[in-house]
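**Q** What follows is a structure written as structure tokens; I'll ask about it next.
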Amino acid sequence: MVVFRVSENINIKTTDGTLVKYLKLKNPSNLLNETVYISSYEDFEDLKRVFTNVGDNYKASVIKEMKIRHLSSFPKELGVLNLNEYMIIKNLDLRYEKFKHIEKKENSFDSLYLNEKKENLDNQLEGILKEDISLIIIGNPGLTISEMICSCTALRILYEKLSKKFKSVKIDIYLNASENKYYSRDKMIFANQSFINKVSALSIDVKEFCSYDFFIDASSVTKRSYYKNLSHIDAWLYKFGIDYSKISQNEKYNTINLDSYKVKKELVEKMQNIKLKGKTLLFHPYSADITKSIPKEIAISLLNDLLIKMPDYTIVSAIRIDNKFDDDRYVDLSTYSRNFLDFSYIISNMSKIFTVNTATYHLADAFFIPTLVIFTDSKLNENFTKYPLSKVIYVKDKSKNFSKFIFRNESLIMHKFKGWSKLKSSKIIKLLETF
């Protein structure tokens, strides 16, 4: 959490057109103020960059967090506490400035200084007599689609736990928005969850913040050691003060609500025609992370094999695999998959899925679609979320870096595709047939 004021009035427009208004501080003696703002650490750093680009007169000045926390109306923090995050990180940065010859790797030591102490949500709620409560979450619960889908599962479990104690529970989320080019997507993911009351853009003024009963500070969670060592669902349960080991695996299922989603008529008709032909298999060989993606030549070869050896299936892709590829039983739906819910709808209509390590298998779990996932690092075995209808193949990275320098030179990476070349269609088909 960061508490701050601005030097000049300014409006920041998010990717969905929402205006976040900042006004110069009025009545500085009163901290319960509509012109004092609260944001996540990540969004505050983004906001400072926006101000720098606008002009020298636009600045954001940090106010000591404890001054705000001591307000009588300040909401109670739930889960792992995040006290004085800004000062801790800035002091850590100053230490690195004194030793410039030491390279600071991003997030490498932050978790040693940021609080990670386990909390018990039941203990934190003890003695609360209210029947109707409101909870605000500031910051992004996850940065990628995979992480956000998993955090939604943890949020649902949190909501269900709170609903057993209180008559009504209102949860609002304020997401990073100042320079978040994926804000519209992120908002769509969380707004899709029926138990979320409202999704808004950071920042939020102190007066409005203090209208809530409780808050959870999701700022910098991805820097914590528990986030690296636990599955994403368990990491967020830990953050919320819930003992993840006592939550049944059967409760850790993902949910996507398509009831209120208006599917484009063209996509509905296309999907109906595909399903008339028989069973469907989604083939998703690429990731935004090149190290997780199947090399293009190998992906096309696998696609050919799947078409030949799985005659009962129409092979579907929601991404462009190859412009020149053409087959009657292969359907490219990339032009119809424009957003998160489009892609979710396509997944919901599949018989089976074959994908690399992307959000696809998390989404598939929400619709009970049998899924075969390719992981490129055997160490991920410990963190793989064990969904009942998911199976895994591990591809060992056999690349060798012949560069003598610290930086990675792609031209000097040898045997880059050797591990992928051992991925055989026969093994894939055999595993898909076991579902």
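The chains in the structure tokens are called A, B, ... from first to last as shown; in each chain the residues are counted from 1, and the ligands are counted from 1 in the order shown.
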So that I can see what lies close to stretch 226-241 of chain A, please list as a PyMOL selection string the residues with an atom at most 9 Å from it, counting only C-alpha atoms and leaving out residues fewer than 5 positions away in the same chain.
**A** chain A and resi 78-81+111+116+118-122+124+141-142+146-155+157-158+216+218+221+252+382-385
**Q** Among stretch 123-258 of chain A, which ones does DSSP place in alpha helix (DSSP H), written as a VMD selection string?
**A** chain A and resid 123 to 125 145 to 163 183 to 191 206 to 209 225 to 229 232 to 239
**Q** As an exercise, work out the distance from atom CA of A:Asn273 to atom CA of A:Thr358 in Å and give it to one decimal place.
**A** 27.0 Å
**Q** Mind pulling up the distance from atom CA of A:Leu267 to atom CA of A:Ser184?
**A** 21.3 Å
**Q** Nearest to A:Asp46: which of A:Asn254, A:Asn123, A:Asn180, A:Ser29 is it, counting only C-alpha atoms?
**A**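 With only C-alpha atoms as the atom set, the closest residue is A:Asn180.
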**Q** Do a neighbour search on A:Ile298 at 12 Å with only C-alpha atoms, toss out local chain neighbours closer than 5 positions, and write the hits as JSON, numbers by chain.
**A** {"A": [285, 286, 293, 303, 304, 305, 321, 322, 417, 418, 419, 420, 421, 422, 423, 424, 425]}
**Q** Please produce an output containing N, CA and C atoms for each residue in the selection, written as a tab-separated table (two decimals), in the first residue's frame.
**A**
chain	number	residue	atom	x	y	z
A	285	PRO	N	-0.64	-24.66	-29.15
A	285	PRO	CA	0.79	-24.94	-29.03
A	285	PRO	C	1.67	-23.76	-28.64
A	286	TYR	N	1.11	-22.55	-28.59
A	286	TYR	CA	1.94	-21.37	-28.36
A	286	TYR	C	1.56	-20.66	-27.06
A	293	SER	N	6.54	-22.38	-25.47
A	293	SER	CA	5.87	-22.66	-26.75
A	293	SER	C	6.53	-23.81	-27.50
A	303	LEU	N	0.35	-31.23	-35.50
A	303	LEU	CA	-1.01	-30.98	-35.98
A	303	LEU	C	-1.37	-31.93	-37.12
A	304	ASN	N	-0.43	-32.13	-38.04
A	304	ASN	CA	-0.65	-33.08	-39.13
A	304	ASN	C	-0.91	-34.48	-38.61
A	305	ASP	N	-0.08	-34.90	-37.64
A	305	ASP	CA	-0.23	-36.25	-37.07
A	305	ASP	C	-1.58	-36.41	-36.37
A	321	ILE	N	-1.83	-20.60	-36.05
A	321	ILE	CA	-0.69	-21.51	-36.01
A	321	ILE	C	0.19	-21.32	-37.24
A	322	ASP	N	-0.44	-21.32	-38.41
A	322	ASP	CA	0.32	-21.12	-39.65
A	322	ASP	C	-0.65	-20.63	-40.73
A	417	PHE	N	15.94	-27.04	-29.71
A	417	PHE	CA	14.71	-27.77	-29.97
A	417	PHE	C	14.86	-29.28	-29.77
A	418	LYS	N	15.99	-29.70	-29.22
A	418	LYS	CA	16.24	-31.14	-29.09
A	418	LYS	C	15.22	-31.80	-28.17
A	419	GLY	N	14.88	-31.12	-27.06
A	419	GLY	CA	13.89	-31.68	-26.14
A	419	GLY	C	12.52	-31.79	-26.78
A	420	TRP	N	12.13	-30.75	-27.56
A	420	TRP	CA	10.83	-30.75	-28.22
A	420	TRP	C	10.73	-31.84	-29.28
A	421	SER	N	11.85	-32.14	-29.93
A	421	SER	CA	11.83	-33.14	-31.01
A	421	SER	C	11.48	-34.53	-30.49
A	422	LYS	N	11.61	-34.74	-29.18
A	422	LYS	CA	11.28	-36.04	-28.59
A	422	LYS	C	9.81	-36.14	-28.18
A	423	LEU	N	9.07	-35.05	-28.39
A	423	LEU	CA	7.64	-35.07	-28.10
A	423	LEU	C	6.91	-35.76	-29.25
A	424	LYS	N	6.41	-36.94	-29.03
A	424	LYS	CA	5.81	-37.75	-30.08
A	424	LYS	C	4.28	-37.70	-30.03
A	425	SER	N	3.68	-37.65	-31.21
A	425	SER	CA	2.22	-37.60	-31.30
A	425	SER	C	1.58	-38.86	-30.73
**Q** Leaving out stretch 332-344 of chain A and any residue of its chain fewer than 5 positions from it, which residues lie within 8 Å of it when counting only C-alpha atoms, given as a PyMOL selection string?
**A** chain A and resi 185+188-189+256+258+261+263+267+316-320+363
**Q** When you count only C-alpha atoms, which of these residues is closest to A:Leu143: A:Lys181, A:Lys386, A:Arg329, A:Lys292?
**A** A:Lys181
